[in-house]
Every structure is written in structure tokens, then in C-alpha cells.
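Below: the structure, in C-alpha cells.
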Amino acid sequence: MRLDKYLKVSRIIKRRTMANEVCAAGRVSINGKQAKPGSEVKTGDIVEIGFGNGTTRIKVLKLQETVRKEEAADLYELLESAGK
């Protein structure tokens with residue numbers, strides 16, 4: 001699954017266009033390597049997202065094309081939250 005789509009489906013970033021911009025700006029990495037919006041995400045990958053005051057790290061647990069709002073958090077495990 002594309003990285004920008006995963007960030008949107010998992011609701012880590014609310015809109016796909018915003019996810020695309022964050023990736024294109026070089027603020028997202030997969031397993032320590034800088035990632036583009038079209039980079040492939042697989043289960044087990046560690047994704048780091050640089051927000052204004054810190055970094056959020058997540059581990060990809062599941063990939064799904066669509067998911068209900070209540071189930072979105074089941075797609076990843078939060079390893080480190082921004083600003084901590």
C-alpha cells in the first residue's frame with residue numbers, strides 16, 4: 001500500500017493530500033530511510049513522521065484499503081509520540 005494512502009486510512013494524517021505533502025517535504029521515513037508518498041508500506045515497517053515539535057514513530061500492524069473510524073488505531077502500534 002502507498003505510504004500516503006496508509007497514513008490517511010489509519011487516520012494518522014487526516015487528508016491524503018496533506019499526507020502527500022508531508023512525505024514530499026521529506027518528513028517521513030520507513031525503517032530509517034526517507035520515504036516518498038508512493039513508497040510501499042508493509043506490515044512490520046517502522047514509520048517515523050516529523051511533526052513541528054517532535055517525531056512520532058509507529059509500527060505497521062495491518063494494511064486495509066478501508067477501515068471504520070473506531071478501528072483505525074488497530075492498524076498501527078504507537079512507539080513514540082511527537083514532543084516526548
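Letters for chains follow the order of the C-alpha cells (A, B, ...), residue numbers begin at 1 for each chain, and ligand numbers begin at 1 in the order shown.
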Can you tell me, as a CSV table (one decimal) with C-alpha atoms, in the first residue's frame, what residues are no more than 12 Å from Gly52 in chain A when counting only C-alpha atoms, ignoring any on the same chain fewer than 2 positions away?
```
chain,number,residue,atom,x,y,z
A,22,VAL,CA,4.4,15.8,4.4
A,27,ARG,CA,9.5,14.5,7.0
A,49,ILE,CA,6.8,11.2,11.0
A,50,GLY,CA,8.4,14.5,11.8
A,54,GLY,CA,8.9,16.2,17.6
A,55,THR,CA,8.7,12.8,15.9
A,56,THR,CA,6.0,10.2,16.0
A,82,ALA,CA,5.6,13.7,19.0
A,83,GLY,CA,7.0,16.1,21.5
```
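The residues of chain A that DSSP classifies as strand (DSSP E or B), using the backbone of this structure, are Arg2, Val28, Ser29, Ile30, Lys33, Gln34, Glu40, Ile46, Val47, Glu48, Ile49, Gly50, Phe51, Gly54, Thr55, Thr56, Arg57, Ile58, Lys59, Val60, Tyr76, Glu77, Leu78, Leu79 and Glu80 of chain A.
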Keeping only C-alpha atoms, take the residues you just selected and write them out as a PDB file, in the first residue's frame.
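Final output, again_11.pdb:
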```pdb
ATOM      1  CA  ARG A   2       1.210   3.509  -0.769  1.00  0.00           C
ATOM      2  CA  VAL A  28       8.560  10.777   6.773  1.00  0.00           C
ATOM      3  CA  SER A  29      10.845   7.744   6.839  1.00  0.00           C
ATOM      4  CA  ILE A  30      10.239   3.993   6.658  1.00  0.00           C
ATOM      5  CA  LYS A  33      15.108   5.613   5.059  1.00  0.00           C
ATOM      6  CA  GLN A  34      13.455   8.774   3.763  1.00  0.00           C
ATOM      7  CA  GLU A  40       5.296   0.883  -0.326  1.00  0.00           C
ATOM      8  CA  ILE A  46       8.574   1.308  11.385  1.00  0.00           C
ATOM      9  CA  VAL A  47       7.307   4.678  10.119  1.00  0.00           C
ATOM     10  CA  GLU A  48       8.662   7.946  11.562  1.00  0.00           C
ATOM     11  CA  ILE A  49       6.808  11.194  10.965  1.00  0.00           C
ATOM     12  CA  GLY A  50       8.384  14.545  11.829  1.00  0.00           C
ATOM     13  CA  PHE A  51       5.841  16.999  13.165  1.00  0.00           C
ATOM     14  CA  GLY A  54       8.944  16.178  17.614  1.00  0.00           C
ATOM     15  CA  THR A  55       8.736  12.811  15.935  1.00  0.00           C
ATOM     16  CA  THR A  56       6.023  10.181  16.007  1.00  0.00           C
ATOM     17  CA  ARG A  57       7.087   6.566  15.462  1.00  0.00           C
ATOM     18  CA  ILE A  58       4.618   3.816  14.639  1.00  0.00           C
ATOM     19  CA  LYS A  59       4.833   0.133  13.755  1.00  0.00           C
ATOM     20  CA  VAL A  60       2.558  -1.020  10.930  1.00  0.00           C
ATOM     21  CA  TYR A  76      -0.617   0.516  13.928  1.00  0.00           C
ATOM     22  CA  GLU A  77       1.171   0.484  17.271  1.00  0.00           C
ATOM     23  CA  LEU A  78       2.336   3.826  18.636  1.00  0.00           C
ATOM     24  CA  LEU A  79       6.007   3.524  19.631  1.00  0.00           C
ATOM     25  CA  GLU A  80       6.820   7.188  20.315  1.00  0.00           C
TER      26      GLU A  80
END
```
Legend entry - Separation of CA of Glu71 in chain A from CA of Pro37 in chain A in Å: 23.2 Å
Show which residues sit within 10 Å of range 67-69 of chain A, as an mmCIF file with N, CA and C atoms, in the first residue's frame. Count only C-alpha atoms, and ignore same-chain residues fewer than 5 positions away.
```
data_model
loop_
_atom_site.group_PDB
_atom_site.id
_atom_site.type_symbol
_atom_site.label_atom_id
_atom_site.label_comp_id
_atom_site.auth_asym_id
_atom_site.auth_seq_id
_atom_site.Cartn_x
_atom_site.Cartn_y
_atom_site.Cartn_z
ATOM 1 N N VAL A 9 -5.699 6.325 5.651
ATOM 2 C CA VAL A 9 -6.613 5.263 6.070
ATOM 3 C C VAL A 9 -6.493 5.015 7.578
ATOM 4 N N SER A 10 -5.258 5.052 8.102
ATOM 5 C CA SER A 10 -5.044 4.810 9.533
ATOM 6 C C SER A 10 -5.385 6.039 10.375
ATOM 7 N N ARG A 11 -5.693 7.135 9.704
ATOM 8 C CA ARG A 11 -6.069 8.399 10.340
ATOM 9 C C ARG A 11 -4.947 9.015 11.182
ATOM 10 N N ASP A 74 -6.238 0.210 15.198
ATOM 11 C CA ASP A 74 -5.795 -1.186 15.171
ATOM 12 C C ASP A 74 -4.792 -1.449 14.053
ATOM 13 N N LEU A 75 -4.615 -0.500 13.138
ATOM 14 C CA LEU A 75 -3.709 -0.686 12.013
ATOM 15 C C LEU A 75 -2.249 -0.449 12.394
#
```
Legend entry - Residue nearest Met1 in chain A - candidates A:Glu70, A:Glu21, A:Glu65, A:Asp45, atoms counted: only C-alpha atoms: A:Glu65
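Per DSSP on the backbone, alpha helix (DSSP H) in range 7-81 of chain A comprises Leu7, Lys8, Val9, Arg16, Thr17, Met18, Ala19, Asn20, Glu21, Val22, Cys23 and Ala24 of chain A.
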Inset, instruction - Check the smallest atom-to-atom distance from each of A:Ala73, A:Met18, A:Leu3, A:Ile12 to Gly38 in chain A using only C-alpha atoms, then report the winner. - result: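 For Gly38 in chain A, the nearest of the given residues is A:Leu3.
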Legend entry - Among the residues A:Ala35, A:Ser81, A:Ala19, A:Leu7, the one that comes closest to Gln64 in chain A [using only C-alpha atoms]: A:Leu7
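Going from CA of Ala24 in chain A to CA of Thr43 in chain A covers 22.0 Å.
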